[in-house]
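Below is one structure, written out as structure tokens; the observations come after it.
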Amino acid sequence: MPLEQDVLEFVARVIGGDDAVAVVRALGDRELSDEEIARRANLKEDLARRALYKLYNNLVVRLRRVRDEESGRYKFFWSLNVEQIEILVKSWKRKILDKLEAKLEYEEANQFFWCGTPGCRRYTFDEAYSYMFRCPRCGQPLEFYDNTKIKEALKAKIEQIKKELAERA
């Protein structure tokens with residue numbers, strides 16, 4: 001299943017910023033020289049090369065070099081490494097899934113208390129007890145905070161990511 005353009009651009013943006021996004025757009029499904037990429041992406045050649053090397057270091061693009069017989073110099077040709085991008089996206093999703101599952105476990109294992117003042121944080125029962133159920137920031141009384149909506153949102157996101165990982169397997 002080929003990756004959508006927005007996924008490719010997201011990966012490029014995370015790795016190399018806007019210049020890398022322009023490079024990925026210019027590449028498409030073709031193999032191009034760095035000069036051609038710079039021209040199509042409307043970037044200076046050094047910026048295009050910098051973005052290409054960032055993408056290359058993360059295995060997002062492939063590099064093929066060909067020696068010019070007349071000048072003896074090498075010419076570089078670049079293409080997207082779609083298989084590696086899929087692996088990278090799966091890896092990121094697994095890390096996010098692990099963090100969401102840990103957050104859900106924390107939410108389920110604790111009772112929370114909050115003063116209701118925007119900008120103040122929630123406190124676990126032990127923390128609230130140590131502050132004698134008074135917010136240390138604003139002094140308001142800490143009351144039970146129902147985190148059911150947070151747990152439901154976490155469960156929904158976890159299921160969504162699990163489904164996406166199963167589809168790409």
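Numbering starts fresh at 1 for the residues of each chain in the structure tokens, the chains themselves are lettered A, B, ... in the order given, and ligands are numbered from 1 as they appear.
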Enumerate, in order of chain and increasing residue number, the residues of range 83-141 of chain A with an atom no farther than 12 Å from range 53-70 of chain A, each with its shortest atom pair and distance in Å to one decimal, counting only C-alpha atoms, as a tab-separated table.
```
residue	atom	partner	partner_atom	distance
A:Glu83	CA	A:Val60	CA	8.7
A:Gln84	CA	A:Val60	CA	6.2
A:Ile85	CA	A:Val60	CA	5.7
A:Glu86	CA	A:Val60	CA	9.4
A:Ile87	CA	A:Val60	CA	10.0
A:Leu88	CA	A:Val60	CA	8.6
A:Val89	CA	A:Val60	CA	10.8
```
Taking N, CA and C atoms for each residue, export the selection above as a PDB file, in the first residue's frame.
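Result saved to selection-v5.pdb:
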```pdb
ATOM      1  N   GLU A  83       9.910   2.105   1.093  1.00  0.00           N
ATOM      2  CA  GLU A  83       9.886   1.000   2.051  1.00  0.00           C
ATOM      3  C   GLU A  83      10.417   1.447   3.411  1.00  0.00           C
ATOM      4  N   GLN A  84      11.500   2.207   3.408  1.00  0.00           N
ATOM      5  CA  GLN A  84      12.084   2.669   4.669  1.00  0.00           C
ATOM      6  C   GLN A  84      11.182   3.697   5.347  1.00  0.00           C
ATOM      7  N   ILE A  85      10.496   4.506   4.572  1.00  0.00           N
ATOM      8  CA  ILE A  85       9.574   5.482   5.153  1.00  0.00           C
ATOM      9  C   ILE A  85       8.454   4.757   5.878  1.00  0.00           C
ATOM     10  N   GLU A  86       7.942   3.683   5.277  1.00  0.00           N
ATOM     11  CA  GLU A  86       6.894   2.894   5.934  1.00  0.00           C
ATOM     12  C   GLU A  86       7.398   2.305   7.251  1.00  0.00           C
ATOM     13  N   ILE A  87       8.625   1.803   7.251  1.00  0.00           N
ATOM     14  CA  ILE A  87       9.219   1.250   8.474  1.00  0.00           C
ATOM     15  C   ILE A  87       9.369   2.346   9.522  1.00  0.00           C
ATOM     16  N   LEU A  88       9.812   3.518   9.101  1.00  0.00           N
ATOM     17  CA  LEU A  88       9.995   4.646  10.012  1.00  0.00           C
ATOM     18  C   LEU A  88       8.662   5.073  10.632  1.00  0.00           C
ATOM     19  N   VAL A  89       7.620   5.161   9.807  1.00  0.00           N
ATOM     20  CA  VAL A  89       6.297   5.556  10.300  1.00  0.00           C
ATOM     21  C   VAL A  89       5.776   4.519  11.292  1.00  0.00           C
TER      22      VAL A  89
END
```
request  = Compile the contact shell of Ala166 in chain A as a list in words: residues with an atom at most 12 Å away, counting only C-alpha atoms, same-chain residues fewer than 4 positions apart removed.
outcome  = Lys90, Lys93, Arg94, Glu159, Gln160, Ile161 and Lys162 of chain A
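When only C-alpha atoms are used to measure the gap to Phe113 in chain A, the shortest distance among A:Arg50, A:Trp92, A:Phe144, A:Tyr129 belongs to A:Phe144.
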Which residue of A:Leu142, A:Leu52, A:Ile158, A:Cys115 approaches Lys103 in chain A most closely, using only C-alpha atoms = A:Ile158
request  = Measuring atom to atom with only C-alpha atoms, identify which of A:Ala26, A:Ala48, A:Cys135, A:Leu165 is nearest to Lys95 in chain A.
outcome  =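 For Lys95 in chain A, the nearest of the given residues is A:Leu165.
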request  = Just the residues within 12 Å of range 153-156 of chain A, please, counting only C-alpha atoms, with nothing from its chain fewer than 2 positions along; format it as a VMD selection string.
outcome  = chain A and resid 96 to 108 147 to 151 158 to 163
inquiry  = From the options A:Ala51, A:Leu32, A:Leu43, A:Pro141, which residue's atoms come nearest to Val14 in chain A, counting only C-alpha atoms?
reply    =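 Under the stated criterion, the closest residue is A:Ala51.
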Ser33 in chain A surroundings by only C-alpha atoms, 9 Å radius, close-in-sequence under 5 positions cut, as a VMD selection string = chain A and resid 38 75 to 78
ask   = Can you tell me how far CA of Asp46 in chain A sits from CA of Glu4 in chain A, in Å to one decimal?
value =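 Atom-to-atom, CA of Asp46 in chain A to CA of Glu4 in chain A, that is 27.7 Å.
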query = Out of chain A, which residues get strand (DSSP E) from DSSP, as an MDAnalysis selection string?
reply = chainID A and resid 32:33 61:67 74:80 112:114 123:124 143:145
message = What does the structure give for the distance between CA of Glu167 in chain A and CA of Val11 in chain A, in Å to one decimal?
response =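 Result for CA of Glu167 in chain A versus CA of Val11 in chain A: 19.2 Å, one decimal.
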message = Measuring between only C-alpha atoms, which one of A:Ala41, A:Asp34, A:Gln140, A:Tyr131 shows the shortest distance to Tyr74 in chain A?
response = A:Asp34
task = Just the helix (DSSP H, G or I) stuff from chain A, please, per backbone DSSP, written as a PyMOL selection string.
result = chain A and resi 5-27+34-41+45-57+82-109+125-130+148-167
